[in-house]
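Q: Please find start10.cif (mmCIF, C-alpha atoms) on the next line:
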data_coords
loop_
_atom_site.label_atom_id
_atom_site.label_comp_id
_atom_site.auth_asym_id
_atom_site.auth_seq_id
_atom_site.Cartn_x
_atom_site.Cartn_y
_atom_site.Cartn_z
CA MET W 1 -36.74 35.43 46.10
CA ILE W 2 -34.72 38.32 44.77
CA GLY W 3 -35.23 42.04 45.11
CA GLY W 4 -37.12 44.36 42.78
CA MET W 5 -40.15 43.08 40.95
CA ALA W 6 -39.67 39.48 42.08
CA ALA W 7 -40.47 40.54 45.64
CA ARG W 8 -43.84 41.85 44.42
CA ILE W 9 -44.88 38.89 42.26
CA ALA W 10 -48.10 37.40 43.59
CA PHE W 11 -48.14 33.59 43.62
CA GLU W 12 -51.04 31.17 43.43
CA SER W 13 -50.11 27.51 43.52
CA THR W 14 -51.92 25.03 41.33
CA THR W 15 -54.37 22.71 43.05
CA GLU W 16 -53.98 20.11 40.30
CA PRO W 17 -50.26 19.40 39.79
CA LYS W 18 -49.47 17.32 36.73
CA SER W 19 -47.22 14.28 36.53
CA HIS W 20 -43.80 14.77 34.99
CA PRO W 21 -43.09 12.64 31.89
CA PRO W 22 -39.83 10.66 31.76
CA ASP W 23 -36.98 12.50 30.02
CA ALA W 24 -36.87 9.84 27.30
CA ASP W 25 -40.49 10.57 26.34
CA LEU W 26 -40.09 14.33 25.91
CA LYS W 27 -40.88 15.81 22.51
CA PHE W 28 -40.85 19.55 21.76
CA GLY W 29 -43.61 21.87 22.92
CA ARG W 30 -46.16 19.20 23.85
CA VAL W 31 -46.06 19.25 27.66
CA PHE W 32 -46.40 22.37 29.83
CA THR W 33 -45.56 22.99 33.45
CA ASP W 34 -48.01 23.72 36.26
CA HIS W 35 -47.65 27.51 36.35
CA MET W 36 -47.32 30.59 34.16
CA PHE W 37 -46.32 34.21 34.65
CA LEU W 38 -48.66 37.07 33.66
CA LEU W 39 -48.34 40.85 33.53
CA ASP W 40 -50.91 43.43 32.33
CA TYR W 41 -50.47 46.71 30.49
CA HIS W 42 -53.01 49.52 30.34
CA GLU W 43 -52.28 52.75 28.50
CA GLY W 44 -51.59 55.51 31.01
CA ALA W 45 -50.97 53.05 33.85
CA GLY W 46 -48.09 51.02 32.43
CA TRP W 47 -47.21 47.44 33.33
CA GLN W 48 -48.87 46.15 36.49
CA ASN W 49 -50.10 43.16 38.48
CA PRO W 50 -47.17 40.73 38.09
CA ARG W 51 -48.29 37.25 39.09
CA ILE W 52 -47.58 33.57 38.78
CA GLY W 53 -50.57 31.28 38.78
CA PRO W 54 -51.79 27.92 37.48
CA PHE W 55 -51.22 27.20 33.79
CA GLY W 56 -54.52 27.47 32.00
CA PRO W 57 -56.67 29.17 29.36
CA LEU W 58 -56.54 32.92 28.89
CA SER W 59 -59.69 35.02 29.01
CA LEU W 60 -59.82 37.22 25.90
CA SER W 61 -62.53 39.19 24.20
CA PRO W 62 -63.37 37.89 20.71
CA ALA W 63 -62.58 41.46 19.65
CA ALA W 64 -59.04 41.37 21.13
CA ALA W 65 -56.70 43.13 18.72
CA ALA W 66 -54.22 40.25 18.68
CA LEU W 67 -56.84 37.98 17.13
CA HIS W 68 -57.55 40.37 14.26
CA TYR W 69 -54.39 42.34 13.55
CA ALA W 70 -51.57 40.01 14.68
CA GLU W 71 -50.08 42.24 17.37
CA THR W 72 -48.22 39.26 18.83
CA LEU W 73 -44.55 39.01 19.75
CA PHE W 74 -42.61 36.22 21.42
CA ASP W 75 -39.18 34.85 22.19
CA GLY W 76 -37.76 31.49 23.19
CA LEU W 77 -34.94 30.50 25.52
CA LYS W 78 -33.92 27.54 27.64
CA ALA W 79 -33.04 26.64 31.22
CA PHE W 80 -30.70 23.66 31.68
CA ARG W 81 -29.99 21.34 34.57
CA GLY W 82 -26.23 20.93 34.46
CA VAL W 83 -24.17 17.85 35.18
CA ASP W 84 -23.58 19.35 38.65
CA GLY W 85 -27.32 19.62 39.28
CA LYS W 86 -27.32 23.42 39.10
CA VAL W 87 -29.87 25.25 36.93
CA ARG W 88 -28.68 27.79 34.39
CA ILE W 89 -30.40 29.86 31.70
CA PHE W 90 -28.52 30.33 28.43
CA ARG W 91 -28.04 33.94 27.27
CA LEU W 92 -30.91 35.31 29.34
CA ASP W 93 -30.02 38.98 28.97
CA ARG W 94 -29.68 38.87 25.18
CA HIS W 95 -33.08 37.20 24.81
CA CYS W 96 -34.70 39.80 27.06
CA LYS W 97 -33.12 42.64 25.09
CA ARG W 98 -34.18 41.15 21.74
CA MET W 99 -37.81 40.94 22.80
CA ALA W 100 -37.80 44.46 24.25
CA ASP W 101 -36.21 45.81 21.06
CA GLY W 102 -38.72 44.00 18.85
CA ALA W 103 -41.77 45.55 20.51
CA ALA W 104 -41.29 48.91 18.80
CA ARG W 105 -41.71 47.36 15.33
CA LEU W 106 -45.23 46.22 16.30
CA CYS W 107 -46.06 49.50 18.11
CA MET W 108 -46.14 47.64 21.41
CA PRO W 109 -44.96 48.99 24.76
CA ALA W 110 -41.59 47.40 25.49
CA ILE W 111 -41.19 45.49 28.71
CA ASN W 112 -38.33 46.69 30.89
CA ILE W 113 -35.47 44.25 30.39
CA GLU W 114 -34.85 43.81 34.11
CA MET W 115 -38.56 43.22 34.69
CA MET W 116 -38.62 40.46 32.07
CA ARG W 117 -35.39 39.00 33.42
CA GLN W 118 -36.75 38.74 36.96
CA ALA W 119 -40.03 37.25 35.73
CA LEU W 120 -38.21 34.49 33.86
CA LEU W 121 -35.95 33.74 36.82
CA GLU W 122 -38.87 33.57 39.24
CA LEU W 123 -40.90 31.24 37.01
CA VAL W 124 -37.90 28.93 36.64
CA ARG W 125 -37.51 28.88 40.43
CA VAL W 126 -41.17 27.93 40.85
CA GLU W 127 -40.95 25.22 38.15
CA ARG W 128 -37.45 23.96 39.02
CA ALA W 129 -38.71 20.40 39.52
CA TRP W 130 -39.90 20.36 35.89
CA ILE W 131 -36.40 20.86 34.47
CA PRO W 132 -35.24 17.54 33.01
CA SER W 133 -31.71 16.32 33.71
CA THR W 134 -30.77 14.23 30.67
CA GLN W 135 -28.37 15.92 28.26
CA GLY W 136 -30.34 16.92 25.16
CA THR W 137 -33.33 18.04 27.23
CA ALA W 138 -34.17 21.43 28.76
CA LEU W 139 -36.95 23.63 30.06
CA TYR W 140 -38.05 25.77 27.14
CA LEU W 141 -39.34 29.22 28.12
CA ARG W 142 -41.77 31.08 25.89
CA PRO W 143 -42.32 34.77 26.80
CA THR W 144 -45.16 36.22 24.73
CA GLN W 145 -46.85 39.60 24.38
CA ILE W 146 -50.29 40.07 22.83
CA ALA W 147 -52.71 42.96 22.30
CA THR W 148 -55.85 42.42 24.40
CA GLU W 149 -57.83 45.61 23.83
CA PRO W 150 -61.35 44.73 22.55
CA PHE W 151 -61.36 46.98 19.52
CA VAL W 152 -61.95 46.21 15.84
CA GLY W 153 -59.96 48.89 14.08
CA VAL W 154 -56.45 49.09 12.69
CA ARG W 155 -54.28 51.00 15.12
CA PRO W 156 -51.93 50.12 18.00
CA ALA W 157 -53.84 48.67 20.94
CA THR W 158 -54.04 50.30 24.36
CA ASP W 159 -54.06 47.08 26.43
CA TYR W 160 -51.60 44.18 26.38
CA LEU W 161 -50.84 40.95 28.19
CA PHE W 162 -47.33 39.62 28.69
CA PHE W 163 -47.08 36.00 29.77
CA ILE W 164 -44.47 33.26 30.08
CA ILE W 165 -45.15 29.55 29.75
CA ALA W 166 -42.64 26.75 30.21
CA SER W 167 -42.28 23.35 28.60
CA PRO W 168 -39.85 20.48 29.32
CA VAL W 169 -38.51 19.51 25.90
CA GLY W 170 -36.40 17.04 24.00
CA ALA W 171 -35.02 17.51 20.48
CA TYR W 172 -36.83 19.99 18.20
CA TYR W 173 -36.59 17.86 15.06
CA ALA W 174 -37.60 14.21 15.13
CA GLU W 175 -34.22 13.53 13.51
CA GLY W 176 -32.43 14.99 16.56
CA PHE W 177 -28.91 15.95 15.49
CA ALA W 178 -29.17 13.77 12.37
CA PRO W 179 -28.76 15.83 9.17
CA ILE W 180 -31.90 17.04 7.40
CA LYS W 181 -32.90 17.68 3.80
CA ILE W 182 -33.78 21.25 2.86
CA ARG W 183 -35.55 22.66 -0.20
CA ILE W 184 -34.48 26.09 -1.46
CA GLU W 185 -37.67 28.12 -1.85
CA ASP W 186 -38.13 29.96 -5.17
CA HIS W 187 -41.77 31.00 -4.95
CA TYR W 188 -43.06 31.86 -1.48
CA VAL W 189 -41.63 34.68 0.65
CA ARG W 190 -41.05 34.67 4.40
CA ALA W 191 -40.15 38.37 4.76
CA ALA W 192 -39.55 41.37 2.52
CA PRO W 193 -37.35 44.44 3.05
CA GLY W 194 -39.09 46.82 5.40
CA GLY W 195 -41.26 44.01 6.81
CA LEU W 196 -41.27 42.05 10.06
CA GLY W 197 -38.49 39.58 9.31
CA ALA W 198 -36.07 40.88 11.94
CA VAL W 199 -38.46 40.42 14.90
CA LYS W 200 -40.14 37.36 16.38
CA ALA W 201 -43.61 38.38 15.32
CA GLY W 202 -46.22 35.66 15.04
CA ALA W 203 -47.06 36.79 11.50
CA ASN W 204 -43.61 35.72 10.27
CA TYR W 205 -44.30 32.14 11.24
CA ALA W 206 -47.81 32.06 9.76
CA ALA W 207 -46.28 33.25 6.48
CA SER W 208 -43.84 30.33 6.51
CA LEU W 209 -46.30 27.48 6.98
CA LEU W 210 -47.49 26.78 3.43
CA ALA W 211 -44.01 26.56 1.93
CA ALA W 212 -42.87 24.34 4.80
CA GLU W 213 -45.82 21.98 4.34
CA GLU W 214 -45.22 21.69 0.60
CA ALA W 215 -41.53 21.00 1.24
CA LYS W 216 -42.40 18.23 3.72
CA HIS W 217 -44.75 16.62 1.20
CA ALA W 218 -41.83 16.60 -1.25
CA GLY W 219 -39.57 14.78 1.23
CA PHE W 220 -37.76 17.72 2.84
CA ALA W 221 -37.66 18.68 6.51
CA GLN W 222 -37.83 22.43 5.89
CA VAL W 223 -37.28 25.25 3.41
CA LEU W 224 -34.33 27.53 2.82
CA TRP W 225 -35.76 30.98 2.22
CA THR W 226 -34.49 33.27 -0.53
CA ASP W 227 -34.85 37.04 -0.88
CA ALA W 228 -38.25 38.45 -1.77
CA LEU W 229 -37.14 40.41 -4.83
CA GLU W 230 -35.16 37.95 -6.98
CA HIS W 231 -35.13 34.61 -5.11
CA ALA W 232 -31.37 34.75 -5.61
CA ALA W 233 -29.88 35.34 -2.15
CA LEU W 234 -30.20 32.90 0.75
CA GLU W 235 -31.79 34.05 4.01
CA GLU W 236 -33.12 31.82 6.81
CA VAL W 237 -33.41 28.05 6.85
CA GLY W 238 -36.82 27.13 8.25
CA THR W 239 -37.03 29.04 11.53
CA MET W 240 -33.24 29.10 11.94
CA ASN W 241 -30.31 31.18 10.80
CA LEU W 242 -28.15 29.76 8.02
CA PHE W 243 -24.41 29.04 7.86
CA VAL W 244 -22.45 27.65 4.91
CA ARG W 245 -18.83 26.55 4.89
CA ILE W 246 -17.26 27.15 1.50
CA GLY W 247 -13.58 26.37 1.31
CA ASP W 248 -11.97 27.95 4.38
CA GLU W 249 -14.73 30.49 4.96
CA PHE W 250 -17.88 30.33 7.05
CA ALA W 251 -20.58 32.67 5.75
CA THR W 252 -23.97 33.63 7.15
CA PRO W 253 -26.47 36.06 5.63
CA GLU W 254 -25.96 39.58 6.89
CA LEU W 255 -28.59 41.21 9.07
CA GLY W 256 -30.58 43.65 6.99
CA GLY W 257 -34.11 43.68 8.32
CA THR W 258 -35.40 40.45 6.77
CA ILE W 259 -33.75 37.88 9.06
CA LEU W 260 -33.65 37.44 12.80
CA ASP W 261 -30.62 38.41 14.87
CA GLY W 262 -30.42 34.93 16.31
CA VAL W 263 -28.88 34.35 19.73
CA THR W 264 -27.44 30.99 18.66
CA ARG W 265 -26.22 32.67 15.46
CA ASP W 266 -24.25 35.13 17.56
CA SER W 267 -22.93 32.30 19.74
CA VAL W 268 -21.73 30.37 16.68
CA ILE W 269 -19.97 33.41 15.21
CA THR W 270 -18.25 34.02 18.54
CA LEU W 271 -17.05 30.44 18.92
CA LEU W 272 -15.87 30.07 15.31
CA ARG W 273 -13.81 33.25 15.53
CA LYS W 274 -12.45 32.15 18.89
CA TRP W 275 -11.32 28.94 17.18
CA GLY W 276 -9.48 30.94 14.52
CA GLN W 277 -11.98 30.45 11.70
CA VAL W 278 -12.90 33.04 9.08
CA VAL W 279 -16.55 34.09 9.47
CA ASN W 280 -18.23 36.65 7.23
CA GLU W 281 -21.72 38.08 7.47
CA ARG W 282 -22.56 38.76 3.82
CA ARG W 283 -24.83 38.11 0.88
CA ILE W 284 -24.82 34.46 -0.19
CA THR W 285 -26.49 33.51 -3.46
CA VAL W 286 -28.02 30.24 -4.58
CA GLU W 287 -25.65 30.21 -7.55
CA GLU W 288 -22.61 30.66 -5.30
CA VAL W 289 -23.61 27.66 -3.20
CA LEU W 290 -24.39 25.47 -6.22
CA SER W 291 -21.13 26.50 -7.92
CA ALA W 292 -19.23 25.67 -4.74
CA HIS W 293 -20.93 22.28 -4.68
CA ARG W 294 -19.97 21.58 -8.28
CA ALA W 295 -16.37 22.54 -7.52
CA GLY W 296 -16.25 20.37 -4.41
CA ARG W 297 -15.81 23.40 -2.13
CA LEU W 298 -19.15 23.27 -0.30
CA LYS W 299 -18.11 21.56 2.91
CA GLU W 300 -20.98 22.19 5.31
CA VAL W 301 -24.45 23.73 5.54
CA PHE W 302 -26.23 24.04 8.88
CA GLY W 303 -28.95 25.96 10.66
CA THR W 304 -28.69 27.52 14.11
CA GLY W 305 -31.43 28.30 16.61
CA THR W 306 -32.46 28.05 20.24
CA ALA W 307 -34.70 25.03 19.72
CA ALA W 308 -32.36 22.79 17.70
CA VAL W 309 -29.00 24.50 18.52
CA ILE W 310 -27.25 23.17 15.39
CA SER W 311 -29.10 21.40 12.59
CA PRO W 312 -26.79 19.92 9.91
CA VAL W 313 -28.07 19.83 6.33
CA SER W 314 -27.36 16.70 4.30
CA GLU W 315 -29.09 17.63 1.06
CA LEU W 316 -30.30 20.73 -0.77
CA GLY W 317 -33.12 20.78 -3.27
CA TRP W 318 -33.28 23.48 -5.95
CA LYS W 319 -36.12 23.29 -8.47
CA ASP W 320 -35.95 19.70 -9.78
CA GLN W 321 -32.35 19.08 -8.68
CA ARG W 322 -30.95 17.61 -5.47
CA PHE W 323 -27.42 18.13 -4.16
CA LYS W 324 -25.76 16.17 -1.37
CA VAL W 325 -23.73 18.29 1.07
CA GLY W 326 -20.38 16.63 1.67
CA ASP W 327 -20.93 12.92 2.28
CA GLY W 328 -24.37 13.54 3.76
CA SER W 329 -23.31 13.21 7.38
CA PRO W 330 -22.88 16.03 9.94
CA GLY W 331 -19.81 18.09 9.12
CA GLU W 332 -16.74 18.60 11.27
CA PHE W 333 -17.76 22.01 12.59
CA SER W 334 -21.46 21.19 12.87
CA LYS W 335 -20.48 18.50 15.36
CA ARG W 336 -17.88 20.66 17.09
CA LEU W 337 -20.27 23.61 17.46
CA PHE W 338 -23.13 21.46 18.74
CA LYS W 339 -20.85 19.93 21.36
CA GLY W 340 -19.22 23.25 22.18
CA ILE W 341 -22.51 25.04 22.85
CA THR W 342 -24.28 22.19 24.64
CA ASP W 343 -21.23 21.50 26.83
CA ILE W 344 -21.45 25.12 28.01
CA GLN W 345 -25.20 24.87 28.53
CA TYR W 346 -24.91 21.76 30.72
CA GLY W 347 -21.88 22.97 32.66
CA VAL W 348 -19.52 20.43 31.11
CA ALA W 349 -17.27 23.16 29.68
CA PRO W 350 -16.39 26.50 31.31
CA ASP W 351 -18.56 29.50 30.47
CA SER W 352 -15.72 31.76 29.33
CA GLU W 353 -18.12 34.12 27.51
CA GLY W 354 -20.43 34.74 30.46
CA TRP W 355 -23.44 33.32 28.65
CA LEU W 356 -25.05 31.51 31.58
CA THR W 357 -27.21 32.88 34.39
CA LEU W 358 -27.27 30.72 37.50
CA VAL W 359 -30.73 30.28 39.02
CA ASP W 360 -30.31 30.36 42.80
#
Could the structure of this file be written out as structure tokens, please?
A:
Amino acid sequence: MIGGMAARIAFESTTEPKSHPPDADLKFGRVFTDHMFLLDYHEGAGWQNPRIGPFGPLSLSPAAAALHYAETLFDGLKAFRGVDGKVRIFRLDRHCKRMADGAARLCMPAINIEMMRQALLELVRVERAWIPSTQGTALYLRPTQIATEPFVGVRPATDYLFFIIASPVGAYYAEGFAPIKIRIEDHYVRAAPGGLGAVKAGANYAASLLAAEEAKHAGFAQVLWTDALEHAALEEVGTMNLFVRIGDEFATPELGGTILDGVTRDSVITLLRKWGQVVNERRITVEEVLSAHRAGRLKEVFGTGTAAVISPVSELGWKDQRFKVGDGSPGEFSKRLFKGITDIQYGVAPDSEGWLTLVD
């Protein structure tokens, strides 16, 4: 145990522990550990009753505001069992800060960053045995905040529940690190200026589902979102941030309220610049990418995110056209970045940036 809130967390052990699946059988988000963390908020009283108990159904009123008005916010991060057997969480503090910052956009009370940090650490300690050891696997942590006040009326709720669940996971995409095919979306919109695109609100992901399903039926793994006004500028790829390598430049869409300030995005920018590469956060248009392809200057396209880390793109679809990226295989820097980040996560390479938090 550590000081502060962790010393006050009540603990109830499960009476029905589950069996742990072999690492080789792990998918993404299908299996959940034995316990979960919960914390209540009541207007005027603040956050209270921190506890870890058996994983199980939540008791909510059918009138709970989250079910009607989408006051839901979440984040996602991972704990890794390193090659030395030690457990580390990747970029814990940045994830906690991002979730706390995002609460204001949904008129939610923000959780104190240190409170969230200690809750995550304590749950990982309790569920340490669930952390798989094979490289490519991890314990995925899903902190979530929902409005629980039983009130049917459009206004910020007065009661909230914050909870954390954990899931031992393998690769996010069935393809693993194999390159995927992406369709550039020219009809549906994920997020508009002034909307929720910059926070991990549940509504963002509901808005993405139809386009993603249509893309999959057309033979693509995901969609590459374009801006809401003209469908001219590239934004996110699926649920990930986008990077393109054109000539000697790496470019990623600038943060402007419609895309998420991804933690892996920030890690990639840091590593590329450390390696002496030119990285610009700027507007990237569909025409620029297609022109670069025609000129033979489009070298790599890849997505970045906590779940997949790096997801190389082998082919882009635009209207009725398809364009192969490079020779269709993972690019030089896609491979180097994937190895660079995962080597840090598993303790193979030194953590020179201070991105890891050791779980004692």
Q: Applied to the shown file, which residues does the PyMOL selection byres ((chain W and resi 13) around 8) return, written as a list in words?
A: Phe11, Glu12, Thr14, Thr15, His35, Gly53 and Pro54 of chain W
Q: Between W:Lys216, W:Ser352, W:Lys324, W:Thr252, which one has atoms that come closest to W:Lys274, using only C-alpha atoms?
A: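 Checking each of W:Lys216, W:Ser352, W:Lys324, W:Thr252 against W:Lys274, counting only C-alpha atoms, the winner is W:Ser352.
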Q: Apply the PyMOL selection byres ((chain W and resi 220) around 7) to the structure shown and report the selected residues as a list in words.
A: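 In the shown coordinates, the PyMOL selection byres ((chain W and resi 220) around 7) covers Lys181, Ile182, Arg183, Ala215, Lys216, Ala218, Gly219, Ala221 and Gln222 of chain W.
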Q: Selected by the PyMOL selection byres ((chain W and resi 188) around 10) in the shown coordinates: which residues, as a count of residues only?
A: 16
Q: Which one is closest to W:Ser167: W:Gly29, W:Gly238, W:Pro22, W:Gly328? Count all atoms listed in the file.
A: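 Nearest candidate to W:Ser167 out of W:Gly29, W:Gly238, W:Pro22, W:Gly328: W:Gly29.
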Q: Return the single residue from W:Phe90, W:Phe177, W:Phe55, W:Phe74 that is closest to W:Gln345, with distances computed using all atoms listed in the file.
A: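 The closest residue to W:Gln345 is W:Phe90.
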Q: Quick check, in Å to one decimal: how far apart do atom CA of W:Thr144 and atom CA of W:Thr72 lie?
A: 7.3 Å
Q: Between atom CA of W:Ala119 and atom CA of W:Leu92, what distance in Å does the model show, to one decimal?
A: 11.3 Å
Q: Nearest to W:Ile341 among W:Pro57, W:Gly305, W:Pro143, W:Gly194, with distances taken over all atoms listed in the file: which residue is it?
A: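 Between W:Pro57, W:Gly305, W:Pro143, W:Gly194, the residue approaching W:Ile341 most closely is W:Gly305.
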Q: Can you work out the spacing between atom CA of W:Val154 and atom CA of W:Arg142 in Å, to one decimal?
A: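 Separation of atom CA of W:Val154 and atom CA of W:Arg142: 26.7 Å.
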Q: Which one of W:Gly202, W:Pro21, W:Pro179, W:Gly82 sits closest to W:Glu315 if you count all atoms listed in the file?
A: W:Pro179
Q: Measuring atom to atom with all atoms listed in the file, identify which of W:Glu122, W:Glu249, W:Glu149, W:Asp327 is nearest to W:Ile52.
A: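 Checking each candidate against W:Ile52, we get W:Glu122 as the closest.
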Q: Could you check which residues have any atom within 7 Å of (-27.3, 34.1, 10.9), counting only C-alpha atoms with coordinates taken straight from the file, and then list them as a list in words?
A: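 Here the neighbourhood of the point contains Asn241, Leu242, Phe243, Thr252, Pro253, Glu254, Asp261, Gly262 and Arg265 of chain W.
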